[in-house]
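Here is the structure we will look at.
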Amino acid sequence: MRRSATTDTNWCKRLTSSFILASIIASLDSNAVFAQSSNTSRPSITVTASRIGLGITGASNSIITADDIARSPGSTLQDLLSREPGIQTSSSFGGVNGAGTIIDMRGFGASAASNTLVLINGRRLTDIDLAGVDFSAIPRDSIERIEISRGNSGAVLYGDGAVGGVINIVTKTGVGLPTAAQISGGYGTFQQREGNLSASASTGPFSASVFANAINSDGYRVNNALEQRNVQGDFRYNVNGGTFYANISADDQKLGLPGGRLVTLTSNLLETDRRGATTPTAFADKQGVNATLGYSRMLLDGLELIVDGGVRQKDQQVFSSLSGFDTSDVRGLVSYSFTPRIIAQTDVFGLPTKTIAGVDFFDSTLNANRGAKLSDPPVHRFELMQRSLAAYGQQTVGVTPNTDVSWGARLQRTSLSASDQFDPNAPGAFFDAQAVPLHSAQTQHALHLGAEHRFNDTFAVFGRLARSFRTPNVDERIGVQSFPVDFNLRTQTSRDMEAGVRMDFGPVNIRTSVYDMRLNDEIHFNPSIFANTNLDPTRRYGSETSMTWRVDQNLTLKGGVAYTRSVFREGQFAGNDVPLVSPWTASGAASWNVWDRYLMLDVVARYIGERRMDNDQKNFQPLIPAHTLVDLRLGGEYQNLFWSFAVQNIFDVQYFDYAAASATTFGRYNAYPQPGRMFLARLGVKLP
């Protein structure tokens with residue numbers, strides 16, 4: 001689904017795009033987790049307490065550690081993720097604390113949020129709507145590590161939507177830790193104020209950890225203020241060889257939506273009023289609660305059973321007004337899940353084998369009231385109920401001490417019931433009509449075949465073949481057209497192949513891979529009819545290379561470069577670039593312990609190449625300009641005190657990474673400017 005040129009945060013933009021996008025288009029056209037060095041007789045899969053880790057044989061995997069997060073000059077998780085080869089970001093507003101900033105793996109542009117699957121502790125965080133995952137709702141201090149697996153490699157284990165890749169956020173626990181706490185505060189540009197609190201404890205069989213943060217900011221632009229509150233807790237009890245666990249989180253966000261800056265051949269609001277607002281009264285509020293309960297137990301030596309389930313509720317309220325055209329969307333989404341599985345490590349015919357198999361059940365209900373003003377009766381009362389049941393299994397065998405082979409399959413049945421209560425007398429109902437109900441059910445499958453061979457301690461090769469799928473989400477079915485909604489869309493499918501090498505020369509580690517992905521029925525927005533449709537076949541291909549050089553115990557250098565092509569294979573746009581994908585991206589970073597832990601310096605440079613604007617499938621509009629950003633952080637610790645001072649965009653580059661273009665008028669587009677130079681100072685204390 002394409003991005004709206006008016007709304008300013010990616011999740012709320014998608015909620016209200018049905019109205020806002022139509023008005024804007026009219027306005028525009030008016031005129032290794034695994035075995036990196038050693039020979040081993042065990043298949044290289046990492047097992048976590050919640051589910052198998054993302055060390056998927058044959059895939060391009062990487063890990064971001066808690067220390068990487070703590071020392072990042074960037075203030076958001078999206079800043080940190082964008083340093084990884086093959087990951088791009090874009091934001092349709094000032095990027096306050098990263099709220100709504102989209103993560104794009106392997107070049108999906110406007111539909112990136114639906115093609116990158118995000119997990120927390122191995123369980124789905126991505127919902128069945130287009131809201132995407134808001135990383136700003138996760139306390140940074142609560143994260144133990146972030147696991148990344150690229151391409152279709154995670155589709156068997158995690159299912160629907162794992163097309164561009166999987167990001168698994170693993171949170172901290174209090175297991176084995178003494179009672180401790182820390183508190184910190186920060187102040188930065190645009191009156192940003194933040195507070196962070198964390199505590200952990202364990203006694204006997206009990207352990208607990210709690211993390212909370214609060215952020216207020218006036219924002220870079222007019223009507224761009226943010227209020228964010230988050231809390232996350234993990235609680236565990238060990239008894240009789242098993243562990244009961246509960247993970248509970250809640251978040252509350254209030255965000256102003258400033259809108260785009262119109263650029264034409266004769267006027268340019270990017271230059272004359274860069275920080276102004278097109279929609280000075282628009283806002284987006286959301287509240288969420290998530291709870292997971294589970295039990296894990298070793299049944300036999302090498303055989304673990306994990307049974308868990310969860311419930312997630314998300315409420316959202318969005319309002320915007322453009323040229324007297326009011327739009328509102330008030331909705332509630334409730335999702336239930338049950339995901340039992342087993343993990344077995346044993347020998348089969350003398351070959352070391354690791355197997356994971358399980359069942360995933362998800363049941364989600366969305367109620368959305370769409371209309372004009374929030375106080376008006378809604379024009380539409382949509383109700384969509386989606387249920388899926390899947391069985392999967394994946395096995396990795398060490399066929400030789402140096403060679404692992406992995407294969408797996410997933411079979412998933414998804415049913416949907418969608419209906420619309422239409423009020424023709426409600427304000428804003430003119431030229432609208434009731435949607436046609438839909439009751440459908442379909443079965444899809446995912447496949448994985450991967451292999452890795454380690455020639456020696458220095459050199460290894462890996463490769464895989466995979467198939468994945470993506471069921472249309474509820475917002476794509478609702479669409480953005482003004483006439484009767486057609487809930488029916490075909491499921492998107494993808495086949496990809498990947499091959500790469502890993503090299504380990506002592507302090508220098510290098511990973512590089514190439515891939516080719518072919519998609520059918522890709523789901524995308526068609527601006528000519530203001531609805532989502534299935535595209536003609538598309539293709540993604542490219543390469544990703546990363547390098548780490550540990551110069552000595554105090555200095556580490558990292559770098560990466562990615563070539564990402566995303567093109568239409570057939571149809572009226574055959575050969576054209578898919579919008580919002582930069583062919584070239586690169587990054588470099590240095591981490592230097594200047595004086596033990598008392599003074600530490602971190603510097604990151606990121607290059608983002610030019611890209612096509614959203615809505616420019618014809619490839620005739622100007623390109624979003626390339627830009628290079630440099631961030632710097634100084635920090636340190638002294639006894640129980642810790643501090644940091646970070647400067648982002650140190651050279652004050654004026655840039656934007658998202659724009660929506662006219663489909664017919666050259667040089668006419670709405671751009672979403674990003675902040676220039678910013679600073680953030682933090683000070684904290686560890687207790688006791």
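Ordered as shown in the structure tokens, chains take letters A, B, and onward, while each chain numbers its residues from 1 and ligands are numbered from 1 in the order shown.
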Can you tell me which residues surround Ala418 (chain A) at a distance of at most 10 Å, considering only C-alpha atoms, apart from same-chain residues fewer than 3 positions away, and format the answer as an NGL selection string? :A and (365-366 or 382-386 or 435-440 or 474 or 477-478 or 487-488)
Atoms kept (C-alpha atoms) for selection, written as a JSON list (two decimals), in the first residue's frame:
```json
[["chain", "number", "residue", "atom", "x", "y", "z"],
["A", 365, "THR", "CA", -10.75, -8.83, 15.31],
["A", 366, "LEU", "CA", -10.69, -5.25, 14.03],
["A", 382, "PHE", "CA", -15.96, -1.98, 9.46],
["A", 383, "GLU", "CA", -15.60, -5.32, 11.21],
["A", 384, "LEU", "CA", -12.94, -7.75, 10.04],
["A", 385, "MET", "CA", -12.21, -11.07, 11.74],
["A", 386, "GLN", "CA", -9.15, -13.02, 10.65],
["A", 435, "ALA", "CA", -18.67, -2.39, 0.95],
["A", 436, "VAL", "CA", -19.51, -5.85, -0.35],
["A", 437, "PRO", "CA", -19.11, -8.44, 2.47],
["A", 438, "LEU", "CA", -16.41, -11.06, 2.13],
["A", 439, "HIS", "CA", -16.09, -14.54, 3.60],
["A", 440, "SER", "CA", -13.01, -16.36, 2.38],
["A", 474, "VAL", "CA", -7.22, -5.59, 6.95],
["A", 477, "ARG", "CA", -8.76, -4.80, 2.14],
["A", 478, "ILE", "CA", -10.58, -1.68, 3.35],
["A", 487, "PHE", "CA", -12.37, -6.55, 0.44],
["A", 488, "ASN", "CA", -11.05, -9.20, -1.93]]
```
Residues at most 10 Å from Gly164 (chain A), counting only C-alpha atoms, excluding those fewer than 2 positions away in the same chain, as a PyMOL selection string? chain A and resi 86-87+104-108+112-117+149-155+161-162+166+468+494+517+540
Atom pair CA of Gly463 (chain A) / CA of Tyr515 (chain A): separation (Å):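 Here the two named atoms are 9.4 Å from each other.
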Going by DSSP on the backbone, which bits of region 349-482 of chain A are strand (DSSP E or B)? Write them as a PyMOL selection string, please. chain A and resi 351-371+380-400+403-422+436+438-454+459-470
Could you please write out, as a PyMOL selection string, every residue of region 249-425 of chain A that DSSP assigns to helix (DSSP H, G or I)? chain A and resi 269-272
Write a file of the selected residues as a compact mmCIF listing (two decimals), in the first residue's frame, keeping C-alpha atoms.
```txt
# COMPACT_ATOMS: atom_id res chain seq x y z
CA LEU A 269 7.62 25.26 0.78
CA LEU A 270 10.75 23.24 1.62
CA GLU A 271 12.65 26.50 1.21
CA THR A 272 10.13 29.13 2.28
```
What lies within 7 Å of region 234-245 of chain A using only C-alpha atoms, ignoring chain neighbours under 2 positions off, as a ChimeraX atom specification? /A:173,205-210,247-248,293-298
Which is closest to Phe349 (chain A) among A:Val653, A:Val397, A:Leu303, A:Leu177, if we use only C-alpha atoms?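 Closest residue, counting only C-alpha atoms: A:Val397.
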Pick the closest to Ser200 (chain A) from A:Ser184, A:Asn473, A:Ser142, A:Thr414: which is it, counting only C-alpha atoms? A:Ser142
Rounded to one decimal in Å, what is the spacing between CA of Ala291 (chain A) and CA of Asp68 (chain A)? 27.3 Å
Which one of A:Leu489, A:Ile183, A:Met678, A:Ala212 sits closest to Phe645 (chain A) if you count only C-alpha atoms?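 Of A:Leu489, A:Ile183, A:Met678, A:Ala212, the one nearest Phe645 (chain A) is A:Met678, counting only C-alpha atoms.
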Which is closest to Ala586 (chain A) among A:Gly219, A:Pro85, A:Gly358, A:Gly450, if we use only C-alpha atoms?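 Between A:Gly219, A:Pro85, A:Gly358, A:Gly450, the residue approaching Ala586 (chain A) most closely is A:Pro85.
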Polymer residues at most 6 Å from region 88-92 of chain A, only C-alpha atoms, same-chain spacing of 5 or more positions, as a compact mmCIF listing (two decimals) with all heavy atoms, in the first residue's frame:
```
# COMPACT_ATOMS: atom_id res chain seq x y z
N ASP A 8 1.48 11.87 8.87
CA ASP A 8 2.86 12.08 9.24
C ASP A 8 3.48 11.00 10.07
O ASP A 8 4.61 11.13 10.49
CB ASP A 8 2.98 13.38 10.04
CG ASP A 8 2.46 14.53 9.25
OD1 ASP A 8 3.01 14.78 8.17
OD2 ASP A 8 1.50 15.15 9.69
N THR A 9 2.79 9.99 10.38
CA THR A 9 3.43 8.86 11.01
C THR A 9 2.91 7.62 10.31
O THR A 9 1.76 7.56 9.91
CB THR A 9 3.15 8.80 12.51
OG1 THR A 9 3.83 7.69 13.06
CG2 THR A 9 1.69 8.71 12.82
N SER A 82 19.32 1.04 10.63
CA SER A 82 19.67 1.53 9.31
C SER A 82 21.16 1.41 9.02
O SER A 82 21.59 1.59 7.87
CB SER A 82 19.24 3.00 9.15
OG SER A 82 19.98 3.85 10.02
N THR A 101 8.59 5.73 12.11
CA THR A 101 9.60 5.55 11.07
C THR A 101 9.59 4.09 10.59
O THR A 101 9.64 3.17 11.39
CB THR A 101 11.00 5.91 11.59
OG1 THR A 101 11.00 7.29 11.98
CG2 THR A 101 12.05 5.70 10.52
N ILE A 102 9.53 3.92 9.27
CA ILE A 102 9.38 2.60 8.68
C ILE A 102 10.74 1.96 8.42
O ILE A 102 11.67 2.61 7.95
CB ILE A 102 8.59 2.70 7.36
CG1 ILE A 102 7.11 2.95 7.64
CG2 ILE A 102 8.75 1.44 6.52
CD1 ILE A 102 6.39 1.80 8.31
N ILE A 103 10.84 0.66 8.72
CA ILE A 103 12.00 -0.16 8.39
C ILE A 103 11.72 -0.92 7.10
O ILE A 103 10.69 -1.58 6.97
CB ILE A 103 12.31 -1.14 9.53
CG1 ILE A 103 12.75 -0.39 10.79
CG2 ILE A 103 13.37 -2.15 9.11
CD1 ILE A 103 14.07 0.31 10.65
N ASP A 104 12.66 -0.84 6.15
CA ASP A 104 12.49 -1.51 4.86
C ASP A 104 13.67 -2.46 4.64
O ASP A 104 14.81 -2.03 4.54
CB ASP A 104 12.45 -0.47 3.74
CG ASP A 104 12.12 -1.09 2.37
OD1 ASP A 104 12.00 -2.32 2.30
OD2 ASP A 104 12.00 -0.32 1.40
N ASP A 657 13.59 11.99 3.38
CA ASP A 657 13.70 10.62 2.88
C ASP A 657 12.37 10.03 2.44
O ASP A 657 12.28 8.85 2.12
CB ASP A 657 14.38 9.71 3.91
CG ASP A 657 13.68 9.69 5.25
OD1 ASP A 657 12.50 10.09 5.31
OD2 ASP A 657 14.30 9.29 6.26
N TYR A 658 11.33 10.88 2.43
CA TYR A 658 10.04 10.45 1.91
C TYR A 658 9.38 11.62 1.18
O TYR A 658 9.39 12.75 1.66
CB TYR A 658 9.11 9.93 3.01
CG TYR A 658 7.74 9.59 2.46
CD1 TYR A 658 7.54 8.42 1.73
CD2 TYR A 658 6.67 10.46 2.62
CE1 TYR A 658 6.31 8.13 1.18
CE2 TYR A 658 5.43 10.17 2.08
CZ TYR A 658 5.26 9.01 1.36
OH TYR A 658 4.04 8.73 0.81
N TYR A 672 8.59 15.55 2.98
CA TYR A 672 8.49 15.52 4.43
C TYR A 672 9.88 15.74 5.03
O TYR A 672 10.66 14.81 5.20
CB TYR A 672 7.90 14.19 4.89
CG TYR A 672 6.46 14.04 4.47
CD1 TYR A 672 6.14 13.73 3.15
CD2 TYR A 672 5.43 14.28 5.37
CE1 TYR A 672 4.82 13.62 2.75
CE2 TYR A 672 4.11 14.18 4.97
CZ TYR A 672 3.80 13.85 3.66
OH TYR A 672 2.49 13.77 3.27
```
Which residue, A:Ile120, A:Val348, A:Asp432, A:Glu452, has the smallest gap to Asn290 (chain A) when you use only C-alpha atoms?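 Nearest to Asn290 (chain A): A:Ile120.
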Tell me which protein, DNA and RNA residues are within 8 Å of Glu84 (chain A), counting only C-alpha atoms, leaving out same-chain ones fewer than 5 positions away, and put them as a ChimeraX atom specification. /A:546,560,587
Which is closest to Pro258 (chain A) among A:Ala284, A:Ala246, A:Leu623, A:Met503, if we use only C-alpha atoms?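 Looking only at the distances to Pro258 (chain A), the closest residue turns out to be A:Ala284.
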All residues 8 Å or closer to Glu194 (chain A), only C-alpha atoms, same chain fewer than 5 positions away omitted, as a PyMOL selection string: chain A and resi 185-187+213-216
Which residues come within 10 Å of Gly408 (chain A), counting only C-alpha atoms, excluding same-chain residues fewer than 2 positions away, as an MDAnalysis selection string? chainID A and resid 155:157 355:357 392:396 406 410 446:450 466
Include C-alpha atoms and write out the residues we just selected as an mmCIF file, in the first residue's frame.
```cif
data_model
loop_
_atom_site.group_PDB
_atom_site.id
_atom_site.type_symbol
_atom_site.label_atom_id
_atom_site.label_comp_id
_atom_site.auth_asym_id
_atom_site.auth_seq_id
_atom_site.Cartn_x
_atom_site.Cartn_y
_atom_site.Cartn_z
ATOM 1 C CA ALA A 155 8.915 -17.740 6.653
ATOM 2 C CA VAL A 156 8.740 -21.394 7.768
ATOM 3 C CA LEU A 157 9.294 -20.616 11.446
ATOM 4 C CA THR A 355 14.510 -29.887 14.963
ATOM 5 C CA ILE A 356 11.809 -27.400 15.781
ATOM 6 C CA ALA A 357 8.139 -28.114 15.128
ATOM 7 C CA TYR A 392 5.443 -26.094 10.674
ATOM 8 C CA GLY A 393 8.664 -28.005 11.059
ATOM 9 C CA GLN A 394 12.290 -27.213 10.330
ATOM 10 C CA GLN A 395 15.261 -29.557 10.712
ATOM 11 C CA THR A 396 19.005 -29.012 10.489
ATOM 12 C CA SER A 406 18.487 -27.434 6.720
ATOM 13 C CA ARG A 410 4.904 -24.534 6.832
ATOM 14 C CA ALA A 446 6.263 -21.678 2.975
ATOM 15 C CA LEU A 447 9.403 -23.689 2.205
ATOM 16 C CA HIS A 448 13.076 -23.475 3.159
ATOM 17 C CA LEU A 449 16.171 -25.328 1.973
ATOM 18 C CA GLY A 450 19.556 -24.107 3.180
ATOM 19 C CA ALA A 466 12.855 -20.332 0.030
#
```
How many Å lie between CA of Tyr158 (chain A) and CA of Asp251 (chain A), rounded to one decimal? 24.4 Å
